[in-house]
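Colleague: Quick one, structure.csv (CSV, C-alpha atoms):
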chain,number,residue,atom,x,y,z
A,1,MET,CA,139.7,70.6,122.9
A,2,THR,CA,138.8,73.7,124.9
A,3,PRO,CA,135.8,75.5,123.4
A,4,VAL,CA,136.6,78.9,122.1
A,5,MET,CA,134.3,81.6,123.6
A,6,LEU,CA,133.5,84.2,121.1
A,7,PRO,CA,132.7,87.7,122.5
A,8,LEU,CA,129.1,88.7,122.0
A,9,TYR,CA,128.5,92.0,120.2
A,10,ILE,CA,125.3,93.8,119.7
A,11,ASP,CA,125.4,97.0,117.5
A,12,PRO,CA,124.0,100.1,119.2
A,13,GLY,CA,120.9,100.2,117.0
A,14,THR,CA,119.9,96.6,117.7
A,15,GLY,CA,120.7,97.1,121.4
A,16,SER,CA,118.5,100.2,121.6
A,17,MET,CA,115.6,98.3,119.9
A,18,LEU,CA,116.0,95.3,122.2
A,19,PHE,CA,116.0,97.7,125.2
A,20,SER,CA,112.8,99.4,123.9
A,21,ILE,CA,111.1,96.0,123.5
A,22,LEU,CA,112.1,94.9,127.0
A,23,ILE,CA,110.8,98.1,128.5
A,24,GLY,CA,107.6,97.9,126.6
A,25,ALA,CA,107.1,94.3,127.6
A,26,ALA,CA,107.7,95.1,131.2
A,27,ALA,CA,105.3,98.0,131.1
A,28,THR,CA,102.7,95.8,129.4
A,29,LEU,CA,103.0,93.1,132.0
A,30,PHE,CA,102.7,95.7,134.8
A,31,PHE,CA,99.5,97.1,133.5
A,32,LEU,CA,98.1,93.6,132.7
A,33,ALA,CA,98.7,92.5,136.2
A,34,LYS,CA,97.1,95.7,137.5
A,35,ALA,CA,94.0,95.1,135.4
A,36,LEU,CA,93.8,91.5,136.5
A,37,TRP,CA,94.0,92.5,140.1
A,38,LEU,CA,91.2,95.0,139.7
A,39,LYS,CA,89.0,92.3,138.0
A,40,ILE,CA,89.7,90.0,140.9
A,41,LYS,CA,88.6,92.7,143.4
A,42,VAL,CA,85.5,93.3,141.4
A,43,PHE,CA,84.7,89.6,141.2
A,44,PHE,CA,85.0,89.0,145.0
A,45,SER,CA,83.1,92.2,145.8
A,46,GLY,CA,80.1,90.6,144.1
A,47,LYS,CA,79.5,93.6,141.8
A,48,LYS,CA,78.6,93.3,138.2
A,49,SER,CA,81.3,93.9,135.7
A,50,GLY,CA,81.1,97.1,133.7
A,51,ILE,CA,82.8,100.4,132.9
A,52,THR,CA,81.7,102.2,136.0
A,53,VAL,CA,82.7,99.7,138.7
A,54,ASP,CA,86.5,99.7,137.8
A,55,ALA,CA,88.3,101.5,140.6
A,56,SER,CA,90.7,103.1,138.1
A,57,TYR,CA,87.8,104.5,136.0
A,58,LYS,CA,88.1,108.1,135.0
A,59,LYS,CA,85.2,110.0,133.4
A,60,TYR,CA,87.3,112.4,131.3
A,61,VAL,CA,90.8,111.8,130.0
A,62,ILE,CA,93.1,113.7,127.6
A,63,TYR,CA,96.2,112.1,126.2
A,64,CYS,CA,98.9,114.6,125.0
A,65,GLU,CA,101.7,112.6,123.5
A,66,ASP,CA,104.2,115.6,123.4
A,67,LYS,CA,104.3,118.9,125.1
A,68,ARG,CA,104.2,120.7,121.8
A,69,TYR,CA,100.5,119.9,121.7
A,70,PHE,CA,99.8,121.5,125.1
A,71,THR,CA,98.3,124.6,123.4
A,72,VAL,CA,95.8,122.3,121.6
A,73,PHE,CA,94.4,121.2,125.0
A,74,LEU,CA,94.9,124.3,127.0
A,75,PRO,CA,91.5,125.9,126.4
A,76,ILE,CA,89.8,122.6,127.2
A,77,LEU,CA,91.9,122.2,130.4
A,78,GLU,CA,91.0,125.8,131.4
A,79,GLU,CA,87.3,125.1,130.8
A,80,PHE,CA,87.3,122.0,133.0
A,81,GLU,CA,89.2,123.8,135.7
A,82,LYS,CA,86.8,126.7,135.6
A,83,ARG,CA,83.8,124.4,135.9
A,84,GLY,CA,85.4,122.5,138.8
A,85,ILE,CA,85.3,119.1,136.9
A,86,GLU,CA,88.1,116.6,137.4
A,87,LEU,CA,90.0,115.6,134.3
A,88,ALA,CA,92.9,113.2,133.9
A,89,TYR,CA,95.6,114.6,131.7
A,90,PHE,CA,98.1,111.9,130.5
A,91,THR,CA,101.2,113.3,128.9
A,92,GLY,CA,104.3,111.9,127.3
A,93,ALA,CA,106.5,114.8,128.5
A,94,LYS,CA,108.0,115.0,132.0
A,95,ASP,CA,108.2,118.8,131.6
A,96,ASP,CA,104.7,119.3,130.3
A,97,PRO,CA,103.5,122.8,131.2
A,98,ALA,CA,100.4,121.3,132.9
A,99,PHE,CA,102.6,120.2,135.8
A,100,ASP,CA,103.4,123.9,136.7
A,101,SER,CA,99.9,125.3,136.0
A,102,GLY,CA,98.6,125.1,139.5
A,103,TYR,CA,95.5,123.2,138.6
A,104,LYS,CA,93.1,121.8,141.3
A,105,PHE,CA,90.9,119.8,139.1
A,106,ILE,CA,93.2,118.9,136.2
A,107,LYS,CA,95.3,115.8,137.2
A,108,PRO,CA,98.5,115.6,135.1
A,109,GLU,CA,100.3,112.3,134.9
A,110,TYR,CA,103.4,111.3,133.0
A,111,ILE,CA,102.8,108.0,131.3
A,112,GLY,CA,106.0,107.7,129.3
A,113,THR,CA,106.3,107.4,125.5
A,114,GLY,CA,106.1,104.6,122.9
A,115,ASN,CA,105.3,101.2,124.2
A,116,ALA,CA,105.1,102.3,127.9
A,117,ALA,CA,102.4,104.9,127.0
A,118,TYR,CA,100.5,102.4,124.8
A,119,ALA,CA,100.5,99.8,127.6
A,120,LYS,CA,98.9,102.3,129.9
A,121,LEU,CA,96.4,103.5,127.3
A,122,ASN,CA,95.5,99.9,126.2
A,123,MET,CA,94.3,99.1,129.7
A,124,LEU,CA,92.6,102.4,130.4
A,125,SER,CA,89.1,102.6,131.9
A,126,ALA,CA,87.4,105.9,131.0
A,127,GLY,CA,84.2,107.5,129.8
A,128,ILE,CA,85.9,109.5,127.0
A,129,LEU,CA,89.5,109.9,125.9
A,130,LEU,CA,90.4,112.9,123.7
A,131,CYS,CA,93.7,113.1,121.8
A,132,THR,CA,95.5,114.5,118.8
A,133,THR,CA,97.3,111.2,118.2
A,134,PRO,CA,96.0,109.3,115.1
A,135,GLY,CA,96.4,105.5,114.4
A,136,LEU,CA,94.1,104.1,117.1
A,137,ASN,CA,93.7,100.4,116.7
A,138,VAL,CA,96.2,100.4,113.7
A,139,TYR,CA,99.5,99.6,115.4
A,140,GLN,CA,100.5,99.3,119.0
A,141,TRP,CA,97.7,101.5,120.4
A,142,LYS,CA,94.6,99.4,120.7
A,143,ARG,CA,91.1,100.3,121.8
A,144,SER,CA,90.4,99.4,125.4
A,145,LYS,CA,87.1,97.7,126.0
A,146,ASN,CA,86.8,99.8,129.1
A,147,VAL,CA,86.9,103.1,127.3
A,148,LYS,CA,83.4,104.1,126.2
A,149,HIS,CA,84.3,106.8,123.6
A,150,TYR,CA,87.4,107.8,121.7
A,151,ALA,CA,87.6,111.3,120.3
A,152,HIS,CA,90.2,112.9,118.0
A,153,ILE,CA,90.8,116.7,117.9
A,154,PHE,CA,92.8,118.3,115.1
A,155,HIS,CA,96.1,120.1,115.7
A,156,SER,CA,96.1,121.9,112.3
A,157,THR,CA,93.6,123.4,109.9
A,158,THR,CA,94.6,121.4,106.9
A,159,ASP,CA,93.0,118.4,105.2
A,160,SER,CA,91.7,115.6,107.4
A,161,SER,CA,92.9,113.1,104.9
A,162,MET,CA,96.6,114.1,105.4
A,163,TYR,CA,97.0,111.5,108.2
A,164,ARG,CA,98.8,108.2,107.6
A,165,LEU,CA,96.5,105.5,106.3
A,166,PHE,CA,93.6,104.6,108.5
A,167,GLY,CA,94.6,107.4,111.0
A,168,LEU,CA,91.1,108.3,112.0
A,169,ASP,CA,89.2,105.2,111.1
A,170,TYR,CA,88.6,103.7,114.5
A,171,PHE,CA,87.7,106.8,116.5
A,172,ASP,CA,84.1,107.3,117.6
A,173,SER,CA,84.2,111.0,117.0
A,174,VAL,CA,86.3,113.8,115.5
A,175,LEU,CA,86.3,117.4,116.6
A,176,LEU,CA,86.7,119.6,113.6
A,177,THR,CA,88.1,123.1,113.2
A,178,GLY,CA,85.7,123.7,110.3
A,179,ASP,CA,82.8,121.9,108.6
A,180,TYR,CA,84.7,121.5,105.4
A,181,SER,CA,87.1,118.8,106.8
A,182,GLY,CA,84.2,116.4,107.6
A,183,GLU,CA,83.5,115.8,103.9
A,184,ASP,CA,86.7,113.7,103.4
A,185,ILE,CA,86.0,111.7,106.5
A,186,ARG,CA,82.5,110.8,105.3
A,187,THR,CA,83.8,109.8,101.9
A,188,LEU,CA,86.4,107.5,103.4
A,189,GLU,CA,83.8,105.9,105.8
A,190,LYS,CA,81.7,104.9,102.8
A,191,GLN,CA,84.7,103.6,100.8
A,192,ARG,CA,85.9,101.5,103.7
A,193,ASN,CA,82.4,100.5,105.0
A,194,LEU,CA,83.0,102.0,108.4
A,195,PRO,CA,80.3,103.1,110.8
A,196,ALA,CA,79.7,106.9,110.7
A,197,LYS,CA,81.7,108.8,113.3
A,198,LYS,CA,80.2,111.7,115.2
A,199,LEU,CA,81.6,114.9,113.7
A,200,GLU,CA,81.5,118.0,115.8
A,201,THR,CA,82.8,121.4,114.6
A,202,VAL,CA,84.3,123.2,117.7
A,203,GLY,CA,86.8,125.5,116.1
A,204,CYS,CA,90.6,125.5,116.6
A,205,THR,CA,91.8,125.5,120.2
A,206,TYR,CA,95.4,126.2,119.6
A,207,LEU,CA,94.7,129.1,117.2
A,208,ASP,CA,92.5,130.6,119.9
A,209,VAL,CA,95.5,130.5,122.2
A,210,LEU,CA,97.9,131.9,119.7
A,211,LYS,CA,95.5,134.7,118.8
A,212,GLU,CA,95.5,135.9,122.4
A,213,LYS,CA,99.3,135.6,122.7
A,214,ILE,CA,100.0,137.5,119.5
A,215,GLU,CA,97.6,140.3,120.4
A,216,ALA,CA,99.5,140.7,123.7
A,217,LEU,CA,103.0,141.0,122.1
A,218,PRO,CA,104.5,144.5,122.1
A,219,LYS,CA,105.1,146.2,118.8
A,220,GLU,CA,108.6,145.7,117.5
A,221,GLU,CA,110.8,148.9,117.4
A,222,ASN,CA,113.1,149.5,114.5
A,223,HIS,CA,111.5,146.8,112.5
A,224,GLU,CA,113.5,145.3,109.6
A,225,PHE,CA,111.7,143.8,106.7
A,226,THR,CA,111.6,140.1,107.6
A,227,VAL,CA,111.1,136.9,105.5
A,228,LEU,CA,110.0,133.8,107.4
A,229,VAL,CA,111.0,130.4,105.9
A,230,SER,CA,108.9,127.8,107.6
A,231,PRO,CA,108.4,124.5,105.8
A,232,SER,CA,107.1,121.1,106.4
A,233,TRP,CA,109.5,118.1,106.6
A,234,GLY,CA,110.3,115.2,104.3
A,235,LYS,CA,111.6,114.7,100.8
A,236,SER,CA,108.9,116.8,99.3
A,237,ALA,CA,109.3,119.7,101.7
A,238,LEU,CA,111.0,123.0,101.0
A,239,LEU,CA,114.4,122.6,102.7
A,240,SER,CA,114.9,119.0,101.5
A,241,LEU,CA,113.8,119.7,98.0
A,242,TYR,CA,115.7,123.0,97.4
A,243,GLY,CA,117.9,123.8,100.4
A,244,GLU,CA,120.8,126.1,99.3
A,245,LYS,CA,119.1,126.8,95.9
A,246,LEU,CA,116.5,128.9,97.7
A,247,LEU,CA,118.4,130.0,100.8
A,248,ASP,CA,121.5,131.4,99.1
A,249,PRO,CA,119.7,134.1,97.1
A,250,LEU,CA,117.4,134.8,100.1
A,251,VAL,CA,120.4,135.4,102.3
A,252,GLU,CA,122.1,137.5,99.7
A,253,SER,CA,118.9,139.7,99.4
A,254,GLY,CA,119.9,141.5,102.6
A,255,PHE,CA,116.4,141.0,104.1
A,256,LYS,CA,116.3,139.6,107.6
A,257,ILE,CA,115.7,135.9,107.2
A,258,ILE,CA,114.1,133.7,109.9
A,259,ILE,CA,114.4,130.0,109.2
A,260,ARG,CA,112.0,127.8,111.3
A,261,PRO,CA,112.4,124.1,110.5
A,262,HIS,CA,109.6,121.7,111.3
A,263,PRO,CA,110.2,120.0,114.7
A,264,GLN,CA,110.3,116.6,113.0
A,265,SER,CA,113.2,117.8,110.7
A,266,ARG,CA,115.4,118.0,113.8
A,267,ILE,CA,114.8,114.3,114.3
A,268,SER,CA,114.5,112.9,110.8
A,269,GLU,CA,116.7,115.4,108.8
A,270,LYS,CA,119.3,116.4,111.3
A,271,GLU,CA,122.2,115.9,108.8
A,272,MET,CA,120.5,118.3,106.3
A,273,LEU,CA,119.8,120.9,108.9
A,274,ASP,CA,123.4,120.7,110.3
A,275,ARG,CA,124.7,121.3,106.8
A,276,LEU,CA,122.6,124.3,106.2
A,277,THR,CA,123.3,125.8,109.6
A,278,ALA,CA,127.0,125.5,109.1
A,279,ARG,CA,126.7,127.1,105.6
A,280,TYR,CA,125.1,130.3,106.9
A,281,GLU,CA,127.0,130.5,110.2
A,282,GLY,CA,128.2,134.1,110.6
A,283,LYS,CA,125.5,135.6,108.4
A,284,THR,CA,124.1,138.4,110.5
A,285,ASN,CA,120.8,138.5,108.7
A,286,VAL,CA,120.0,134.8,109.3
A,287,VAL,CA,118.2,133.6,112.4
A,288,TRP,CA,117.3,130.0,113.2
A,289,ASP,CA,114.1,129.7,115.2
A,290,ASN,CA,113.9,126.6,117.4
A,291,GLU,CA,111.5,128.0,119.9
A,292,ARG,CA,108.5,125.8,120.9
A,293,ASP,CA,106.0,128.7,120.2
A,294,ASN,CA,106.0,130.0,116.6
A,295,ILE,CA,104.1,133.2,117.4
A,296,TYR,CA,107.3,135.3,117.8
A,297,SER,CA,108.5,134.6,114.3
A,298,LEU,CA,105.0,134.8,112.9
A,299,ASN,CA,104.6,138.2,114.5
A,300,LYS,CA,107.9,139.5,113.1
A,301,ALA,CA,107.5,138.3,109.5
A,302,ASP,CA,106.3,140.5,106.7
A,303,ILE,CA,105.9,137.6,104.3
A,304,MET,CA,106.2,133.8,104.7
A,305,ILE,CA,107.7,131.3,102.3
A,306,SER,CA,106.5,127.7,102.9
A,307,ASP,CA,105.3,124.6,101.1
A,308,PHE,CA,102.3,122.5,102.2
A,309,SER,CA,103.0,122.9,106.0
A,310,GLY,CA,100.0,123.7,108.2
A,311,ILE,CA,101.9,126.7,109.6
A,312,ILE,CA,101.1,128.6,106.4
A,313,PHE,CA,97.5,128.7,107.5
A,314,ASP,CA,98.4,129.7,111.0
A,315,TYR,CA,100.2,132.7,109.6
A,316,THR,CA,97.5,133.5,107.1
A,317,PHE,CA,94.7,133.4,109.7
A,318,LEU,CA,96.6,135.0,112.5
A,319,CYS,CA,98.5,137.7,110.7
A,320,ASP,CA,96.6,138.3,107.5
A,321,LYS,CA,99.8,138.9,105.5
A,322,PRO,CA,101.1,137.6,102.1
A,323,VAL,CA,102.3,134.0,101.8
A,324,MET,CA,104.5,132.4,99.1
A,325,TYR,CA,104.4,128.7,98.6
A,326,ALA,CA,107.1,126.7,96.7
A,327,ALA,CA,106.1,124.4,93.9
A,328,SER,CA,106.6,120.8,95.1
A,329,LYS,CA,105.0,117.4,94.4
A,330,MET,CA,103.6,115.6,97.4
A,331,ASP,CA,103.7,111.9,97.6
A,332,LEU,CA,100.2,111.0,98.9
A,333,LEU,CA,100.7,107.2,98.8
A,334,PRO,CA,101.2,106.8,102.6
A,335,TYR,CA,98.2,109.0,103.4
A,336,ASP,CA,94.4,108.6,103.5
A,337,ALA,CA,94.4,111.3,100.7
A,338,TRP,CA,95.6,108.6,98.3
A,339,ASP,CA,92.3,106.8,98.5
A,340,LEU,CA,90.5,110.1,97.7
A,341,HIS,CA,92.7,111.7,95.1
A,342,GLY,CA,95.3,109.2,94.0
A,343,ASP,CA,98.5,111.1,93.1
A,344,ASN,CA,96.5,114.3,92.3
A,345,TYR,CA,97.8,116.3,95.3
A,346,GLN,CA,96.5,119.5,93.8
A,347,ASP,CA,93.0,118.4,94.6
A,348,LEU,CA,93.6,118.8,98.3
A,349,TRP,CA,91.7,121.5,100.0
A,350,GLU,CA,94.9,123.1,101.2
A,351,MET,CA,96.4,123.2,97.7
A,352,GLN,CA,93.3,124.6,96.2
A,353,THR,CA,93.2,127.2,98.9
A,354,LEU,CA,96.8,128.2,98.4
A,355,LYS,CA,96.2,128.7,94.7
A,356,ASN,CA,93.7,131.4,95.7
A,357,CYS,CA,95.3,133.1,98.7
A,358,GLY,CA,99.0,132.5,98.1
A,359,ILE,CA,101.7,133.4,95.6
A,360,LEU,CA,103.3,130.5,93.8
A,361,LEU,CA,107.1,130.4,93.9
A,362,GLU,CA,108.9,128.2,91.3
A,363,GLU,CA,112.5,127.1,91.2
A,364,LYS,CA,113.1,129.3,88.1
A,365,ASP,CA,112.2,132.3,90.3
A,366,PHE,CA,114.8,131.8,93.0
A,367,ALA,CA,117.5,133.8,91.2
A,368,ASN,CA,115.2,136.9,91.3
A,369,ILE,CA,113.8,136.2,94.8
A,370,LYS,CA,114.6,139.7,96.1
A,371,SER,CA,112.6,141.5,93.4
A,372,ILE,CA,109.8,139.0,93.5
A,373,ILE,CA,109.4,139.6,97.3
A,374,GLN,CA,109.6,143.4,96.8
A,375,ASN,CA,106.9,143.2,94.2
A,376,ALA,CA,104.7,140.7,95.9
A,377,SER,CA,101.3,142.3,95.9
A,378,ASP,CA,98.8,142.0,98.6
A,379,SER,CA,95.8,142.6,96.4
A,380,PRO,CA,92.2,142.9,97.5
A,381,GLU,CA,91.6,139.5,95.8
A,382,LEU,CA,94.3,137.8,97.9
A,383,LYS,CA,93.0,139.4,101.1
A,384,ALA,CA,89.4,138.3,100.3
A,385,ALA,CA,90.7,134.7,99.6
A,386,ARG,CA,92.5,134.7,102.9
A,387,ALA,CA,89.3,135.7,104.7
A,388,LYS,CA,87.3,133.0,102.9
A,389,ALA,CA,89.8,130.3,103.9
A,390,LYS,CA,89.8,131.5,107.5
A,391,GLY,CA,86.0,131.3,107.6
A,392,GLN,CA,86.1,127.7,106.3
A,393,ALA,CA,88.8,126.4,108.5
A,394,TRP,CA,88.6,128.3,111.7
A,395,GLN,CA,85.0,128.5,112.9
A,396,HIS,CA,83.8,129.5,116.4
A,397,ILE,CA,86.8,131.7,117.0
A,398,GLY,CA,87.5,132.1,120.7
A,399,GLY,CA,85.0,129.4,121.7
A,400,ALA,CA,86.7,126.1,120.9
A,401,GLY,CA,87.7,125.2,124.5
A,402,LYS,CA,84.1,125.6,125.7
A,403,LEU,CA,82.6,123.7,122.8
A,404,ALA,CA,85.1,120.8,123.1
A,405,ALA,CA,84.5,120.6,126.9
A,406,ASP,CA,80.7,120.6,126.3
A,407,PHE,CA,81.2,117.7,123.8
A,408,MET,CA,83.2,115.6,126.2
A,409,ILE,CA,80.8,116.1,129.1
A,410,ASN,CA,77.6,115.6,127.0
A,411,THR,CA,79.1,112.4,125.4
A,412,VAL,CA,79.8,110.8,128.8
A,413,GLU,CA,76.4,111.8,130.2
A,414,GLU,CA,74.6,110.3,127.2
A,415,ALA,CA,76.6,107.1,127.6
A,416,GLU,CA,75.7,106.9,131.3
A,417,LYS,CA,72.0,107.3,130.5
A,418,LYS,CA,72.2,104.4,128.1
A,419,GLN,CA,73.8,102.2,130.8
A,420,LYS,CA,70.9,102.7,133.2
Turn the structure described in the file into C-alpha cells.
Modeller:
Amino acid sequence: MTPVMLPLYIDPGTGSMLFSILIGAAATLFFLAKALWLKIKVFFSGKKSGITVDASYKKYVIYCEDKRYFTVFLPILEEFEKRGIELAYFTGAKDDPAFDSGYKFIKPEYIGTGNAAYAKLNMLSAGILLCTTPGLNVYQWKRSKNVKHYAHIFHSTTDSSMYRLFGLDYFDSVLLTGDYSGEDIRTLEKQRNLPAKKLETVGCTYLDVLKEKIEALPKEENHEFTVLVSPSWGKSALLSLYGEKLLDPLVESGFKIIIRPHPQSRISEKEMLDRLTARYEGKTNVVWDNERDNIYSLNKADIMISDFSGIIFDYTFLCDKPVMYAASKMDLLPYDAWDLHGDNYQDLWEMQTLKNCGILLEEKDFANIKSIIQNASDSPELKAARAKAKGQAWQHIGGAGKLAADFMINTVEEAEKKQK
C-alpha cells in the first residue's frame, strides 16, 4: 500500500512563535561563539581573566529597549557627550533618535528586540549598564558575570512597587526620581532577604526634557476649552472599564476632547480602540493623539481625566492644572505592590496623592460630566497638594542628567579601584 502523505500545517501563531525561537537560538549561539572566541584569545595571550581584559569591554552602557524611552536617557547622553566620555547606547529601535543626533562620543547600536537583544545583553562585558527595563535575572534576561554593576532608572514618578513581581530585585542600584520611592524598595528587600541596593535620588530625566520643550511651545491662538482623556491600559484602566459610558457624554458636552490612549493599548487592546475610533468618526470635537511626545496634548489641555496612569503626574507637575481621576479597582496581584499592600490599592503613594491633589470622578457622575468639569474648582488646597507631590516625586529639577552621569562614572571608578 502506498503511504498517504498528509500535508503539514502550522497555524500562523505557532509559526510565529517557532520563528521567534529559532531567531533567538541563532542569536544566542552567535554571541556564545563570540564570547568563547574572546576567551580563547585571552587564554593564549597569557593574560589573567577579568572584566577589564575582555576586548569587547565597555565602561558605560545604556540599554534603551524602545525609542519611546529615548527622552529618559537624553539628558544623560548629552552629559557624556559634553564631557567627551565614550558611552555605548544599545537600542531596540532601528529608528532611535540617537542615530541622527550627530554624537561623537555616544555610540548607538541596534541590538534587536526580544531574544536577540537578551542574547547580546547576557554576554555583555561592561563596567555599568543603565536601563529602564525591569525583570533582570527573572526571565530571559540574565546577569552577565562580566558586567560589574546593573542600574535601573525610573521612567515615571509613580510607585516603585508597580513593577511586575521581582522587577527590581536583582539590580545593584536604582536611580530614583524622589526619595519617597526608596521606602518600598527597602521594605521588599527585607521581606525577600535581598542585599540592600544602592539608592540614589537623581531626579526625573524625562520630565526635565519635557519641561524645556513645553516652555518653548508657542501660545495657542483662539484656544478652545480642552479636555484630555489619557488613561493607562488593561482591564482596570479607564477606556477598558468605561469606554462609551464616559466618552459619549464627554463628546456631547461640546468641549474639545483629546483622547490619548496608552501606547500598550494599541498593541494589547486594539479591538477596543478600533471600536471607539469608529464610534466617534466624524465628530469634529474629537481628536485622537497617537504622537510619540505627549507634550502637545498636555500643553493644550485645560483639565485631564485619567485613572492610575503615570501621565497624570506628568500633567500635574508640568502644567499645574486640575486633574480628574476615575474610580477604578486595580488588581495588584501581578505586581510587587501585592507583597506590600495586598489588594489595598488605595494604600499606594499615587492613590493617596491623587486623593489630595485630584478630583474623584465616579460612574454615577458621567451623565453630568459637562457641569462637573465646568464647576471643577482649582482651589488653593488642590494647588498646594500638587506642589507637595511635585516636591516629593520630582527632586533636583533640571539636574537629573548630570547626577545620573556622575553616578555611572563614580560607580565604575570605585569598582576599578577595588580591582587594583
Colleague: Any idea what's packed within 7 Å of stretch 200-215 of chain A, counting all atoms listed in the file, ignoring anything in its chain fewer than 6 positions away? Could you give it as a list in words?
Modeller: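 Listed by chain and then number, they are Thr71, Val72, Phe73, Pro75, Val174, Leu175, Leu176, Thr177, Gly178, Asp179, Ile295, Asn299, Leu318, Trp394, Gln395, His396, Ile397, Gly398, Ala400, Gly401, Leu403 and Ala404 of chain A.
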Colleague: Give me the residues near A:Leu129 as a ChimeraX atom specification, where near means some atom within 12 Å (using all atoms listed in the file) and where sequence neighbours in that chain fewer than 2 positions away do not count.
Modeller: /A:57-64,87-90,121-122,124-127,131-133,136,143-144,146-153,171-174,405,407-409,411-412
Colleague: For the selection just defined, write its residues with C-alpha atoms to a file, as a PDB file, keeping the file's coordinate frame.
Modeller:
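This is the output file result.pdb:
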ATOM      1  CA  TYR A  57      87.800 104.500 136.000  1.00  0.00           C
ATOM      2  CA  LYS A  58      88.100 108.100 135.000  1.00  0.00           C
ATOM      3  CA  LYS A  59      85.200 110.000 133.400  1.00  0.00           C
ATOM      4  CA  TYR A  60      87.300 112.400 131.300  1.00  0.00           C
ATOM      5  CA  VAL A  61      90.800 111.800 130.000  1.00  0.00           C
ATOM      6  CA  ILE A  62      93.100 113.700 127.600  1.00  0.00           C
ATOM      7  CA  TYR A  63      96.200 112.100 126.200  1.00  0.00           C
ATOM      8  CA  CYS A  64      98.900 114.600 125.000  1.00  0.00           C
ATOM      9  CA  LEU A  87      90.000 115.600 134.300  1.00  0.00           C
ATOM     10  CA  ALA A  88      92.900 113.200 133.900  1.00  0.00           C
ATOM     11  CA  TYR A  89      95.600 114.600 131.700  1.00  0.00           C
ATOM     12  CA  PHE A  90      98.100 111.900 130.500  1.00  0.00           C
ATOM     13  CA  LEU A 121      96.400 103.500 127.300  1.00  0.00           C
ATOM     14  CA  ASN A 122      95.500  99.900 126.200  1.00  0.00           C
ATOM     15  CA  LEU A 124      92.600 102.400 130.400  1.00  0.00           C
ATOM     16  CA  SER A 125      89.100 102.600 131.900  1.00  0.00           C
ATOM     17  CA  ALA A 126      87.400 105.900 131.000  1.00  0.00           C
ATOM     18  CA  GLY A 127      84.200 107.500 129.800  1.00  0.00           C
ATOM     19  CA  CYS A 131      93.700 113.100 121.800  1.00  0.00           C
ATOM     20  CA  THR A 132      95.500 114.500 118.800  1.00  0.00           C
ATOM     21  CA  THR A 133      97.300 111.200 118.200  1.00  0.00           C
ATOM     22  CA  LEU A 136      94.100 104.100 117.100  1.00  0.00           C
ATOM     23  CA  ARG A 143      91.100 100.300 121.800  1.00  0.00           C
ATOM     24  CA  SER A 144      90.400  99.400 125.400  1.00  0.00           C
ATOM     25  CA  ASN A 146      86.800  99.800 129.100  1.00  0.00           C
ATOM     26  CA  VAL A 147      86.900 103.100 127.300  1.00  0.00           C
ATOM     27  CA  LYS A 148      83.400 104.100 126.200  1.00  0.00           C
ATOM     28  CA  HIS A 149      84.300 106.800 123.600  1.00  0.00           C
ATOM     29  CA  TYR A 150      87.400 107.800 121.700  1.00  0.00           C
ATOM     30  CA  ALA A 151      87.600 111.300 120.300  1.00  0.00           C
ATOM     31  CA  HIS A 152      90.200 112.900 118.000  1.00  0.00           C
ATOM     32  CA  ILE A 153      90.800 116.700 117.900  1.00  0.00           C
ATOM     33  CA  PHE A 171      87.700 106.800 116.500  1.00  0.00           C
ATOM     34  CA  ASP A 172      84.100 107.300 117.600  1.00  0.00           C
ATOM     35  CA  SER A 173      84.200 111.000 117.000  1.00  0.00           C
ATOM     36  CA  VAL A 174      86.300 113.800 115.500  1.00  0.00           C
ATOM     37  CA  ALA A 405      84.500 120.600 126.900  1.00  0.00           C
ATOM     38  CA  PHE A 407      81.200 117.700 123.800  1.00  0.00           C
ATOM     39  CA  MET A 408      83.200 115.600 126.200  1.00  0.00           C
ATOM     40  CA  ILE A 409      80.800 116.100 129.100  1.00  0.00           C
ATOM     41  CA  THR A 411      79.100 112.400 125.400  1.00  0.00           C
ATOM     42  CA  VAL A 412      79.800 110.800 128.800  1.00  0.00           C
TER      43      VAL A 412
END
Colleague: Given all atoms listed in the file as the basis, pick out the residue of A:Ala389, A:Leu332, A:Cys319, A:Ala415 nearest to A:Cys357.
Modeller: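 The answer is A:Ala389, which sits nearest to A:Cys357.
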Colleague: What is the atom CA of A:Ile305 to atom CA of A:Glu291 distance in Å?
Modeller: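 Value for the atom CA of A:Ile305-atom CA of A:Glu291 distance: 18.3 Å.
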Colleague: Do you know which residues lie at most 12 Å from (111.0, 136.5, 94.4), with coordinates as in the file and all atoms listed in the file counted, and could you write them as number ranges by chain?
Modeller: A: 227, 246-247, 249-250, 253, 255, 303-305, 323-326, 359-377
Colleague: Within 12 Å of stretch 348-351 of chain A, which residues of stretch 109-210 of chain A show up? Give each one with its shortest atom-to-atom distance in Å (one decimal) and the two atoms involved, counting all atoms listed in the file, rows by chain then rising residue number, as a Markdown table.
Modeller:
| residue | atom | partner | partner_atom | distance |
| --- | --- | --- | --- | --- |
| A:Ser156 | CA | A:Glu350 | CA | 11.2 |
| A:Thr157 | CA | A:Glu350 | CA | 8.8 |
| A:Thr158 | CA | A:Glu350 | CA | 6.0 |
| A:Asp159 | CA | A:Trp349 | CA | 6.2 |
| A:Ser160 | CA | A:Trp349 | CA | 9.5 |
| A:Ser161 | CA | A:Leu348 | CA | 8.7 |
| A:Met162 | CA | A:Leu348 | CA | 9.0 |
| A:Tyr180 | CA | A:Trp349 | CA | 8.8 |
| A:Ser181 | CA | A:Trp349 | CA | 8.6 |
| A:Gly182 | CA | A:Trp349 | CA | 11.8 |
| A:Glu183 | CA | A:Trp349 | CA | 10.7 |
| A:Asp184 | CA | A:Trp349 | CA | 9.9 |
Colleague: Show which residues sit within 12 Å of A:Thr277, as a list in words. Count only C-alpha atoms, and ignore same-chain residues fewer than 5 positions away.
Modeller: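 Residues meeting the cut-off are Leu239, Gly243, Glu244, Leu247, Ile259, Arg260, Pro261, Arg266, Lys270, Glu271, Met272, Gly282, Lys283, Val286, Val287, Trp288 and Asp289 of chain A.
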